[in-house]
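See below for the structure under consideration.
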There are 2 protein chains.
Amino acid sequence: MTTPDLPAPRFDDVLAAAARIAPHAHATPVLHSRALDAEAGAALRFKAEHLQRIGAFKFRGACNAVFALADAQAARGVVTHSSGNHGAALALAAQLRGIPCHVVVPEGAVRAKLAAIEHYGAQLHHCAPTIRAREETCAQVQADTGGTVVHPYTDPRVIAGQGTAALELLTAQPDLDALVVPLGGGGLAAGTALAMRALAPGCDLFLAEPEGAADGARSFARGALDHDFVPDTVCDGLRGTLGAINFELLRAADARVLTVDDARIVAAMRLLWTRTKQLVEPSSAVALAAVLAQRERFAGRRVGIVLSGGNVDLDALPALLALAA
Amino acid sequence: MTTPDLPAPRFDDVLAAAARIAPHAHATPVLHSRALDAEAGAALRFKAEHLQRIGAFKFRGACNAVFALADAQAARGVVTHSSGNHGAALALAAQLRGIPCHVVVPEGAVRAKLAAIEHYGAQLHHCAPTIRAREETCAQVQADTGGTVVHPYTDPRVIAGQGTAALELLTAQPDLDALVVPLGGGGLAAGTALAMRALAPGCDLFLAEPEGAADGARSFARGALDHDFVPDTVCDGLRGTLGAINFELLRAADARVLTVDDARIVAAMRLLWTRTKQLVEPSSAVALAAVLAQRERFAGRRVGIVLSGGNVDLDALPALLALAA
């Protein structure tokens with residue numbers, strides 16, 4: 001799945017995205033907790049994207065991509081190959097615009113996630129569970145329909161859309177000293193970088209990454225993308241590889257990567273559940289886990305944290321919680 | 001533990017409680033969910049008391065009781081024998097007023113709950129796990145300290161305090177057709193009845209009760225208190241017996257009891273978690289479970305639901321979730 005040849009996104013694109021998605025997306029609240037502030041020794045401000053539509057920030061980018069299309073192009077629909085939150089987000093955005101959505105899904109994908117995608121009216125296209133089969137099926141669907149491919153995190157419209165979460169957070173909390181966001185493919189991270197550089201250039205940007213998918217940390221250390229890894233983490237939203245455009249935007253923002261192991265991530269998730277009563281997924285909790293793991297770095301500072309999503313698989317919970325009992 | 005000889009609470013007492021606790025308690029938000037509205041075929045408005053301090057509505061009543069005391073009386077402290085949310089609520093309220101709090105707890109009580117009570121500075125008094133031992137220890141502590149006993153749900157100051165949740169809900173949503181609250185000892189229910197009769201006399205009051213602790217339903221059917229039962233339900237907050245003063249206030253409000261089994265309660269809890277990302281406890285989910293079990297009764301109506309608390313024992317989750325897999 002290749003991204004159309006579009007210019008790299010800028011802060012203006014984030015502002016345009018905010019106006020474009022406003023009729024459809026939630027302006028999510030910023031939460032805080034006395035107990036977690038005490039735990040971190042810092043003033044934590046949580047952007048509650050688990051309360052976004054489809055339960056994750058992904059709706060922002062997908063919605064921006066879908067509503068940015070010209071009418072004639074939009075009528076041919078959109079295509080992607082994510083069976084996770086991006087698939088559901090693109091399906092809902094397409095449904096709201098009244099256009100077709102095609103999602104290529106590998107055999108063996110989680111049934112509940114496919115049901116969510118179908119719930120929003122998207123058409124599923126099954127393929128073998130290999131990257132090559134997915135690419136080929138995606139290309140075939142695109143050729144057959146003339147639809148627009150929307151990549152989950154390298155598409156500039158998606159990146160601009162994801163940046164609206166930080167735009168809202170920094171508008172509500174302009175005095176943050178640091179911002180910590182989860183790092184997977186880098187869509188949320190790169191969008192955050194665009195908003196932060198414009199609105200809070202003195203704020204430090206940290207990218208929280210699971211140790212079991214630390215291609216971001218290795219890429220930053222090398223100064224070049226390093227995709228040579230097999231993901232091994234409970235953070236199912238962060239197993240993707242960092243995108244090239246995302247890496248460039250993040251380097252330009254002087255972002256720093258913090259890695260943290262799964263046990264600390266699940267412990268942070270348990271803390272969030274217990275203290276805030278908010279059901280966030282492990283991929284969200286990685287940011288708080290990174291802050292708690294480096295207490296001295298953040299102590300006494302005002303720290304924004306993006307809670308990226310809340311789509312927890314309840315049937316897999318017992319094994320997950322056991323990682324930090 | 002007997003309640004001091006105080007007059008039955010009235011709506012004026014709820015208004016006074018609201019003013020008294022305002023500096024300390026959260027005015028919790030009212031939440032709604034497209035998905036749950038579709039599920040119920042009704043417009044559901046959830047009062048989010050799981051976001052109240054100590055994670056449950058109980059803080060309202062305890063705070064009102066503590067701050068209603070005259071200075072000299074307050075200085076001798078407060079006493080109770082709840083190892084659950086009321087114990088933590090009274091401890092926090094006493095800490096905020098700067099007075100001693102004594103909590104009598106039976107041997108074998110859940111360690112995490114005792115830690116929460118101690119965290120707020122209360123002194124624990126251990127006793128054998130019998131009702132008689134608890135009553136005797138409580139009386140002894142009261143005699144030794146001259147402290148004021150604050151019963152978890154029959155104390156009129158507690159009832160008036162709990163009524164402030166419905167006061168806020170009905171102020172934000174004055175057009176509700178029905179209000180559904182969990183029924184345990186009846187503190188929240190009776191307080192709700194006081195607020196509802198004054199602010200929304202045309203609104204129907206429903207009390208949701210687990211089948212495994214249905215003393216409320218039997219008492220209403222008989223027209224007299226019926227405490228002859230051994231509780232058997234996952235709703236640990238609803239195992240107490242309905243209080244006499246609570247029963248009278250609820251009968252005066254023409255309240256009706258709806259019972260629902262544990263499997264439906266856990267299924268409703270899973271729905272709330274999945275759809276709203278709010279971590280509510282089973283004792284909270286009983287109200288939504290009752291609405292979904294009697295869909296035709298509530299269809300097309302505006303229904304207020306009090307989510308009473310969110311103190312879930314994560315270590316007990318696997319067994320709990322398995323009740324409605």
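As shown in the structure tokens, the chain order sets the letters A, B, ...; within each chain, residues go from 1, and ligands are also counted from 1 in the order they appear.
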Both chains have the same sequence, so superpose chain B on chain A over all Cα atoms paired in order and return it as a JSON list (two decimals) with C-alpha atoms, in the first residue's frame.
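Here's the written file selection.json:
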[["chain", "number", "residue", "atom", "x", "y", "z"],
["B", 1, "MET", "CA", 0.01, -0.01, -0.05],
["B", 2, "THR", "CA", 1.68, 3.19, -1.16],
["B", 3, "THR", "CA", 0.74, 6.68, -0.18],
["B", 4, "PRO", "CA", -0.30, 9.04, -2.94],
["B", 5, "ASP", "CA", 2.27, 11.62, -3.95],
["B", 6, "LEU", "CA", 1.29, 14.47, -1.66],
["B", 7, "PRO", "CA", 3.47, 17.13, -0.06],
["B", 8, "ALA", "CA", 4.59, 16.63, 3.54],
["B", 9, "PRO", "CA", 2.01, 18.00, 6.01],
["B", 10, "ARG", "CA", 2.54, 21.33, 7.77],
["B", 11, "PHE", "CA", 0.88, 23.06, 10.71],
["B", 12, "ASP", "CA", -1.56, 24.75, 8.33],
["B", 13, "ASP", "CA", -2.77, 21.30, 7.37],
["B", 14, "VAL", "CA", -3.45, 20.50, 11.03],
["B", 15, "LEU", "CA", -5.54, 23.66, 11.34],
["B", 16, "ALA", "CA", -7.43, 22.78, 8.15],
["B", 17, "ALA", "CA", -7.98, 19.26, 9.46],
["B", 18, "ALA", "CA", -9.41, 20.62, 12.72],
["B", 19, "ALA", "CA", -12.01, 22.64, 10.84],
["B", 20, "ARG", "CA", -12.77, 19.72, 8.51],
["B", 21, "ILE", "CA", -13.36, 17.07, 11.19],
["B", 22, "ALA", "CA", -15.09, 19.35, 13.74],
["B", 23, "PRO", "CA", -18.63, 18.35, 12.65],
["B", 24, "HIS", "CA", -17.81, 14.66, 13.06],
["B", 25, "ALA", "CA", -15.13, 14.10, 15.70],
["B", 26, "HIS", "CA", -15.37, 14.60, 19.46],
["B", 27, "ALA", "CA", -13.36, 17.37, 21.10],
["B", 28, "THR", "CA", -12.19, 15.00, 23.84],
["B", 29, "PRO", "CA", -11.69, 16.20, 27.43],
["B", 30, "VAL", "CA", -8.37, 16.72, 29.21],
["B", 31, "LEU", "CA", -8.32, 14.67, 32.44],
["B", 32, "HIS", "CA", -6.15, 14.80, 35.52],
["B", 33, "SER", "CA", -5.82, 12.83, 38.73],
["B", 34, "ARG", "CA", -4.47, 13.89, 42.13],
["B", 35, "ALA", "CA", -3.33, 10.33, 42.76],
["B", 36, "LEU", "CA", -1.38, 10.03, 39.50],
["B", 37, "ASP", "CA", 0.18, 13.46, 39.97],
["B", 38, "ALA", "CA", 1.41, 12.27, 43.37],
["B", 39, "GLU", "CA", 2.66, 9.03, 41.82],
["B", 40, "ALA", "CA", 4.67, 10.90, 39.17],
["B", 41, "GLY", "CA", 5.63, 13.95, 41.22],
["B", 42, "ALA", "CA", 4.47, 15.97, 38.21],
["B", 43, "ALA", "CA", 1.33, 17.69, 36.90],
["B", 44, "LEU", "CA", -0.05, 15.24, 34.34],
["B", 45, "ARG", "CA", -2.67, 16.28, 31.81],
["B", 46, "PHE", "CA", -4.25, 13.42, 29.88],
["B", 47, "LYS", "CA", -5.81, 13.96, 26.46],
["B", 48, "ALA", "CA", -8.61, 11.40, 26.48],
["B", 49, "GLU", "CA", -8.56, 10.00, 22.95],
["B", 50, "HIS", "CA", -9.98, 6.71, 24.20],
["B", 51, "LEU", "CA", -13.22, 8.73, 24.30],
["B", 52, "GLN", "CA", -12.87, 9.64, 20.61],
["B", 53, "ARG", "CA", -15.25, 8.01, 18.14],
["B", 54, "ILE", "CA", -14.37, 4.33, 17.48],
["B", 55, "GLY", "CA", -12.44, 4.52, 20.79],
["B", 56, "ALA", "CA", -9.14, 5.85, 19.43],
["B", 57, "PHE", "CA", -7.46, 8.96, 17.98],
["B", 58, "LYS", "CA", -7.35, 7.15, 14.63],
["B", 59, "PHE", "CA", -10.74, 8.58, 13.73],
["B", 60, "ARG", "CA", -9.21, 12.06, 13.42],
["B", 61, "GLY", "CA", -6.80, 11.12, 10.64],
["B", 62, "ALA", "CA", -9.19, 8.86, 8.77],
["B", 63, "CYS", "CA", -11.95, 11.49, 8.94],
["B", 64, "ASN", "CA", -9.61, 14.19, 7.63],
["B", 65, "ALA", "CA", -8.46, 11.98, 4.76],
["B", 66, "VAL", "CA", -12.02, 11.06, 3.74],
["B", 67, "PHE", "CA", -13.45, 14.58, 3.93],
["B", 68, "ALA", "CA", -10.42, 16.10, 2.15],
["B", 69, "LEU", "CA", -11.26, 14.20, -1.04],
["B", 70, "ALA", "CA", -12.91, 16.01, -3.94],
["B", 71, "ASP", "CA", -16.45, 14.75, -4.61],
["B", 72, "ALA", "CA", -15.67, 12.79, -7.79],
["B", 73, "GLN", "CA", -12.70, 11.09, -6.18],
["B", 74, "ALA", "CA", -14.59, 10.42, -2.97],
["B", 75, "ALA", "CA", -17.41, 8.74, -4.88],
["B", 76, "ARG", "CA", -15.05, 5.93, -5.87],
["B", 77, "GLY", "CA", -14.45, 5.16, -2.21],
["B", 78, "VAL", "CA", -11.43, 4.55, -0.01],
["B", 79, "VAL", "CA", -9.22, 1.50, 0.49],
["B", 80, "THR", "CA", -6.93, 0.33, 3.28],
["B", 81, "HIS", "CA", -5.54, -2.83, 4.81],
["B", 82, "SER", "CA", -5.74, -2.32, 8.53],
["B", 83, "SER", "CA", -7.81, -4.72, 10.61],
["B", 84, "GLY", "CA", -7.31, -2.57, 13.69],
["B", 85, "ASN", "CA", -8.47, 0.88, 14.77],
["B", 86, "HIS", "CA", -7.59, 2.53, 11.43],
["B", 87, "GLY", "CA", -9.87, 0.12, 9.58],
["B", 88, "ALA", "CA", -12.81, 0.94, 11.86],
["B", 89, "ALA", "CA", -11.98, 4.65, 11.73],
["B", 90, "LEU", "CA", -11.88, 4.74, 7.93],
["B", 91, "ALA", "CA", -15.10, 2.74, 7.73],
["B", 92, "LEU", "CA", -16.95, 5.17, 10.01],
["B", 93, "ALA", "CA", -15.56, 8.21, 8.20],
["B", 94, "ALA", "CA", -16.63, 6.77, 4.84],
["B", 95, "GLN", "CA", -20.07, 5.94, 6.22],
["B", 96, "LEU", "CA", -20.46, 9.53, 7.43],
["B", 97, "ARG", "CA", -19.54, 10.82, 3.98],
["B", 98, "GLY", "CA", -21.72, 8.20, 2.32],
["B", 99, "ILE", "CA", -18.98, 6.63, 0.19],
["B", 100, "PRO", "CA", -17.72, 3.02, -0.14],
["B", 101, "CYS", "CA", -14.92, 1.73, 2.07],
["B", 102, "HIS", "CA", -12.86, -1.36, 1.27],
["B", 103, "VAL", "CA", -10.74, -2.97, 3.97],
["B", 104, "VAL", "CA", -8.31, -5.76, 3.13],
["B", 105, "VAL", "CA", -7.96, -8.10, 6.11],
["B", 106, "PRO", "CA", -5.67, -11.09, 6.59],
["B", 107, "GLU", "CA", -7.14, -14.49, 7.42],
["B", 108, "GLY", "CA", -6.93, -15.00, 11.19],
["B", 109, "ALA", "CA", -7.70, -11.39, 12.12],
["B", 110, "VAL", "CA", -9.58, -10.91, 15.39],
["B", 111, "ARG", "CA", -13.27, -11.48, 14.72],
["B", 112, "ALA", "CA", -14.44, -8.67, 17.04],
["B", 113, "LYS", "CA", -12.36, -6.14, 15.13],
["B", 114, "LEU", "CA", -13.72, -7.29, 11.79],
["B", 115, "ALA", "CA", -17.25, -7.05, 13.17],
["B", 116, "ALA", "CA", -16.58, -3.42, 14.16],
["B", 117, "ILE", "CA", -15.37, -2.62, 10.64],
["B", 118, "GLU", "CA", -18.41, -4.27, 9.06],
["B", 119, "HIS", "CA", -20.67, -2.55, 11.59],
["B", 120, "TYR", "CA", -19.72, 0.75, 9.95],
["B", 121, "GLY", "CA", -20.65, -0.58, 6.53],
["B", 122, "ALA", "CA", -17.22, -1.30, 5.07],
["B", 123, "GLN", "CA", -16.65, -4.18, 2.68],
["B", 124, "LEU", "CA", -14.07, -6.72, 3.81],
["B", 125, "HIS", "CA", -11.64, -8.33, 1.36],
["B", 126, "HIS", "CA", -9.95, -11.38, 2.82],
["B", 127, "CYS", "CA", -6.41, -12.38, 1.88],
["B", 128, "ALA", "CA", -3.63, -14.66, 3.05],
["B", 129, "PRO", "CA", -1.81, -13.42, 6.17],
["B", 130, "THR", "CA", 1.35, -12.26, 4.40],
["B", 131, "ILE", "CA", 2.47, -8.73, 3.63],
["B", 132, "ARG", "CA", 2.71, -9.59, -0.05],
["B", 133, "ALA", "CA", -0.84, -10.95, -0.22],
["B", 134, "ARG", "CA", -2.13, -7.84, 1.55],
["B", 135, "GLU", "CA", -0.29, -5.48, -0.82],
["B", 136, "GLU", "CA", -1.49, -7.39, -3.87],
["B", 137, "THR", "CA", -5.09, -7.59, -2.71],
["B", 138, "CYS", "CA", -5.06, -3.92, -1.83],
["B", 139, "ALA", "CA", -3.68, -3.01, -5.27],
["B", 140, "GLN", "CA", -6.29, -5.19, -6.93],
["B", 141, "VAL", "CA", -9.15, -3.58, -5.00],
["B", 142, "GLN", "CA", -7.79, -0.16, -5.83],
["B", 143, "ALA", "CA", -7.53, -1.07, -9.54],
["B", 144, "ASP", "CA", -11.05, -2.51, -9.55],
["B", 145, "THR", "CA", -12.71, 0.39, -7.79],
["B", 146, "GLY", "CA", -10.56, 3.42, -8.57],
["B", 147, "GLY", "CA", -10.72, 4.12, -4.83],
["B", 148, "THR", "CA", -8.21, 6.20, -2.88],
["B", 149, "VAL", "CA", -5.73, 4.37, -0.67],
["B", 150, "VAL", "CA", -5.50, 5.79, 2.84],
["B", 151, "HIS", "CA", -2.42, 4.49, 4.64],
["B", 152, "PRO", "CA", -2.80, 4.25, 8.45],
["B", 153, "TYR", "CA", 0.12, 6.55, 9.30],
["B", 154, "THR", "CA", 2.20, 7.74, 6.34],
["B", 155, "ASP", "CA", -0.64, 9.51, 4.51],
["B", 156, "PRO", "CA", -0.09, 13.28, 5.00],
["B", 157, "ARG", "CA", -3.83, 13.83, 5.45],
["B", 158, "VAL", "CA", -3.85, 11.21, 8.18],
["B", 159, "ILE", "CA", -0.84, 12.81, 9.92],
["B", 160, "ALA", "CA", -2.46, 16.25, 9.81],
["B", 161, "GLY", "CA", -5.68, 14.79, 11.24],
["B", 162, "GLN", "CA", -3.89, 13.06, 14.13],
["B", 163, "GLY", "CA", -2.22, 16.40, 14.92],
["B", 164, "THR", "CA", -5.57, 17.86, 15.92],
["B", 165, "ALA", "CA", -5.45, 15.97, 19.24],
["B", 166, "ALA", "CA", -2.31, 17.86, 20.29],
["B", 167, "LEU", "CA", -3.79, 21.05, 18.82],
["B", 168, "GLU", "CA", -6.72, 20.72, 21.24],
["B", 169, "LEU", "CA", -4.51, 19.71, 24.16],
["B", 170, "LEU", "CA", -2.07, 22.60, 23.68],
["B", 171, "THR", "CA", -4.92, 25.07, 23.23],
["B", 172, "ALA", "CA", -6.44, 23.94, 26.55],
["B", 173, "GLN", "CA", -3.04, 23.63, 28.28],
["B", 174, "PRO", "CA", -0.64, 26.08, 26.61],
["B", 175, "ASP", "CA", 1.99, 25.87, 29.35],
["B", 176, "LEU", "CA", 3.09, 22.24, 29.07],
["B", 177, "ASP", "CA", 6.81, 21.56, 29.60],
["B", 178, "ALA", "CA", 6.70, 18.17, 27.91],
["B", 179, "LEU", "CA", 4.40, 16.08, 25.76],
["B", 180, "VAL", "CA", 4.54, 12.28, 25.72],
["B", 181, "VAL", "CA", 2.81, 10.23, 23.02],
["B", 182, "PRO", "CA", 2.92, 6.54, 22.07],
["B", 183, "LEU", "CA", 5.09, 5.69, 19.05],
["B", 184, "GLY", "CA", 4.02, 3.02, 16.56],
["B", 185, "GLY", "CA", 4.03, 3.91, 12.87],
["B", 186, "GLY", "CA", 4.34, 7.56, 13.85],
["B", 187, "GLY", "CA", 1.08, 9.08, 12.62],
["B", 188, "LEU", "CA", 0.04, 10.46, 16.00],
["B", 189, "ALA", "CA", 3.63, 11.34, 16.87],
["B", 190, "ALA", "CA", 4.32, 13.26, 13.65],
["B", 191, "GLY", "CA", 1.01, 15.11, 13.83],
["B", 192, "THR", "CA", 1.76, 16.02, 17.43],
["B", 193, "ALA", "CA", 5.18, 17.33, 16.37],
["B", 194, "LEU", "CA", 3.54, 19.66, 13.82],
["B", 195, "ALA", "CA", 1.14, 21.11, 16.41],
["B", 196, "MET", "CA", 3.77, 21.36, 19.13],
["B", 197, "ARG", "CA", 6.40, 23.17, 17.09],
["B", 198, "ALA", "CA", 3.86, 25.82, 16.13],
["B", 199, "LEU", "CA", 2.08, 26.24, 19.46],
["B", 200, "ALA", "CA", 4.65, 25.32, 22.09],
["B", 201, "PRO", "CA", 8.13, 25.36, 20.59],
["B", 202, "GLY", "CA", 9.71, 25.24, 24.06],
["B", 203, "CYS", "CA", 7.89, 22.02, 24.93],
["B", 204, "ASP", "CA", 9.87, 18.75, 24.79],
["B", 205, "LEU", "CA", 8.42, 15.93, 22.70],
["B", 206, "PHE", "CA", 8.91, 12.38, 23.96],
["B", 207, "LEU", "CA", 7.88, 9.24, 22.10],
["B", 208, "ALA", "CA", 7.05, 6.24, 24.26],
["B", 209, "GLU", "CA", 7.71, 2.87, 22.69],
["B", 210, "PRO", "CA", 7.48, -0.73, 23.93],
["B", 211, "GLU", "CA", 10.85, -2.47, 24.20],
["B", 212, "GLY", "CA", 9.41, -5.30, 22.09],
["B", 213, "ALA", "CA", 8.85, -2.96, 19.10],
["B", 214, "ALA", "CA", 11.72, -0.50, 19.52],
["B", 215, "ASP", "CA", 12.40, 0.25, 15.87],
["B", 216, "GLY", "CA", 11.88, 3.91, 16.70],
["B", 217, "ALA", "CA", 14.63, 3.97, 19.31],
["B", 218, "ARG", "CA", 17.02, 2.11, 17.00],
["B", 219, "SER", "CA", 16.17, 4.35, 14.04],
["B", 220, "PHE", "CA", 16.83, 7.49, 16.10],
["B", 221, "ALA", "CA", 20.10, 6.02, 17.41],
["B", 222, "ARG", "CA", 21.30, 5.14, 13.88],
["B", 223, "GLY", "CA", 19.96, 8.26, 12.25],
["B", 224, "ALA", "CA", 18.23, 6.08, 9.66],
["B", 225, "LEU", "CA", 15.16, 3.86, 9.59],
["B", 226, "ASP", "CA", 15.77, 0.42, 11.07],
["B", 227, "HIS", "CA", 12.88, -1.97, 10.43],
["B", 228, "ASP", "CA", 14.79, -5.15, 11.18],
["B", 229, "PHE", "CA", 12.70, -6.50, 14.05],
["B", 230, "VAL", "CA", 9.93, -8.92, 14.93],
["B", 231, "PRO", "CA", 7.46, -7.21, 17.24],
["B", 232, "ASP", "CA", 6.94, -8.83, 20.64],
["B", 233, "THR", "CA", 4.72, -6.66, 22.81],
["B", 234, "VAL", "CA", 1.20, -6.57, 24.26],
["B", 235, "CYS", "CA", 0.77, -3.14, 22.62],
["B", 236, "ASP", "CA", -1.04, -4.31, 19.51],
["B", 237, "GLY", "CA", -1.39, -0.75, 18.26],
["B", 238, "LEU", "CA", 2.37, -0.16, 18.28],
["B", 239, "ARG", "CA", 3.68, -3.15, 16.36],
["B", 240, "GLY", "CA", 3.92, -1.35, 13.01],
["B", 241, "THR", "CA", 7.15, 0.05, 11.62],
["B", 242, "LEU", "CA", 7.99, 3.76, 11.78],
["B", 243, "GLY", "CA", 7.19, 5.52, 8.49],
["B", 244, "ALA", "CA", 9.81, 7.48, 6.56],
["B", 245, "ILE", "CA", 7.89, 10.76, 6.44],
["B", 246, "ASN", "CA", 7.02, 10.33, 10.12],
["B", 247, "PHE", "CA", 10.66, 9.81, 11.01],
["B", 248, "GLU", "CA", 11.68, 13.01, 9.20],
["B", 249, "LEU", "CA", 9.01, 15.10, 10.91],
["B", 250, "LEU", "CA", 9.96, 13.71, 14.32],
["B", 251, "ARG", "CA", 13.67, 14.34, 13.79],
["B", 252, "ALA", "CA", 12.90, 17.93, 12.78],
["B", 253, "ALA", "CA", 11.06, 18.33, 16.12],
["B", 254, "ASP", "CA", 14.01, 16.99, 18.16],
["B", 255, "ALA", "CA", 11.80, 14.25, 19.51],
["B", 256, "ARG", "CA", 13.33, 11.72, 21.89],
["B", 257, "VAL", "CA", 12.33, 8.07, 22.24],
["B", 258, "LEU", "CA", 11.79, 6.41, 25.63],
["B", 259, "THR", "CA", 11.41, 2.63, 25.66],
["B", 260, "VAL", "CA", 9.66, 0.70, 28.37],
["B", 261, "ASP", "CA", 8.96, -3.01, 28.91],
["B", 262, "ASP", "CA", 5.56, -4.69, 28.82],
["B", 263, "ALA", "CA", 5.38, -5.30, 32.58],
["B", 264, "ARG", "CA", 5.74, -1.58, 33.27],
["B", 265, "ILE", "CA", 3.20, -0.81, 30.55],
["B", 266, "VAL", "CA", 0.60, -3.13, 32.06],
["B", 267, "ALA", "CA", 1.35, -1.78, 35.55],
["B", 268, "ALA", "CA", 0.75, 1.76, 34.25],
["B", 269, "MET", "CA", -2.47, 0.59, 32.59],
["B", 270, "ARG", "CA", -3.66, -0.87, 35.90],
["B", 271, "LEU", "CA", -2.83, 2.44, 37.63],
["B", 272, "LEU", "CA", -4.84, 4.38, 35.05],
["B", 273, "TRP", "CA", -7.78, 2.02, 35.42],
["B", 274, "THR", "CA", -7.68, 2.13, 39.21],
["B", 275, "ARG", "CA", -7.07, 5.84, 39.66],
["B", 276, "THR", "CA", -9.04, 7.38, 36.81],
["B", 277, "LYS", "CA", -11.62, 4.63, 36.08],
["B", 278, "GLN", "CA", -10.76, 5.08, 32.41],
["B", 279, "LEU", "CA", -10.44, 1.90, 30.36],
["B", 280, "VAL", "CA", -7.38, 2.59, 28.23],
["B", 281, "GLU", "CA", -5.54, -0.02, 26.18],
["B", 282, "PRO", "CA", -1.89, -1.02, 26.70],
["B", 283, "SER", "CA", -0.81, 1.02, 23.65],
["B", 284, "SER", "CA", -2.12, 4.08, 25.53],
["B", 285, "ALA", "CA", -0.51, 3.27, 28.85],
["B", 286, "VAL", "CA", 2.99, 3.16, 27.38],
["B", 287, "ALA", "CA", 3.23, 6.95, 27.70],
["B", 288, "LEU", "CA", 2.47, 7.03, 31.43],
["B", 289, "ALA", "CA", 4.73, 4.01, 31.90],
["B", 290, "ALA", "CA", 7.61, 5.97, 30.33],
["B", 291, "VAL", "CA", 6.97, 8.96, 32.60],
["B", 292, "LEU", "CA", 6.90, 6.79, 35.73],
["B", 293, "ALA", "CA", 10.02, 4.89, 34.63],
["B", 294, "GLN", "CA", 11.95, 8.16, 34.35],
["B", 295, "ARG", "CA", 10.50, 9.97, 37.35],
["B", 296, "GLU", "CA", 13.47, 12.34, 37.79],
["B", 297, "ARG", "CA", 13.21, 13.54, 34.19],
["B", 298, "PHE", "CA", 9.59, 14.66, 34.57],
["B", 299, "ALA", "CA", 9.38, 15.54, 38.29],
["B", 300, "GLY", "CA", 8.01, 19.01, 38.97],
["B", 301, "ARG", "CA", 7.04, 19.56, 35.32],
["B", 302, "ARG", "CA", 3.74, 19.99, 33.49],
["B", 303, "VAL", "CA", 3.43, 16.93, 31.29],
["B", 304, "GLY", "CA", 0.83, 16.30, 28.59],
["B", 305, "ILE", "CA", 0.08, 12.66, 27.83],
["B", 306, "VAL", "CA", -2.08, 11.40, 24.97],
["B", 307, "LEU", "CA", -4.23, 8.41, 25.97],
["B", 308, "SER", "CA", -4.47, 7.10, 22.45],
["B", 309, "GLY", "CA", -7.24, 4.51, 22.69],
["B", 310, "GLY", "CA", -9.42, 2.27, 24.79],
["B", 311, "ASN", "CA", -10.18, -0.75, 22.63],
["B", 312, "VAL", "CA", -9.30, -3.49, 25.08],
["B", 313, "ASP", "CA", -10.02, -7.14, 24.23],
["B", 314, "LEU", "CA", -11.85, -8.20, 27.40],
["B", 315, "ASP", "CA", -11.46, -11.88, 26.59],
["B", 316, "ALA", "CA", -7.67, -11.49, 26.59],
["B", 317, "LEU", "CA", -7.66, -9.52, 29.86],
["B", 318, "PRO", "CA", -6.73, -12.25, 32.35],
["B", 319, "ALA", "CA", -3.44, -13.02, 30.59],
["B", 320, "LEU", "CA", -2.76, -9.31, 30.09],
["B", 321, "LEU", "CA", -3.33, -8.30, 33.70],
["B", 322, "ALA", "CA", -1.18, -11.18, 34.89],
["B", 323, "LEU", "CA", 1.85, -9.44, 33.38],
["B", 324, "ALA", "CA", 1.83, -7.00, 36.29],
["B", 325, "ALA", "CA", -0.20, -8.66, 39.04]]
Name the residues of stretch 11-198 of chain A that come out as strand (DSSP E or B) in a backbone DSSP run; write them as JSON, numbers by chain. {"A": [30, 31, 43, 44, 45, 46, 47, 48, 56, 78, 79, 80, 101, 102, 103, 104, 105, 106, 123, 124, 125, 126, 127, 148, 149, 178, 179, 180, 181, 182]}
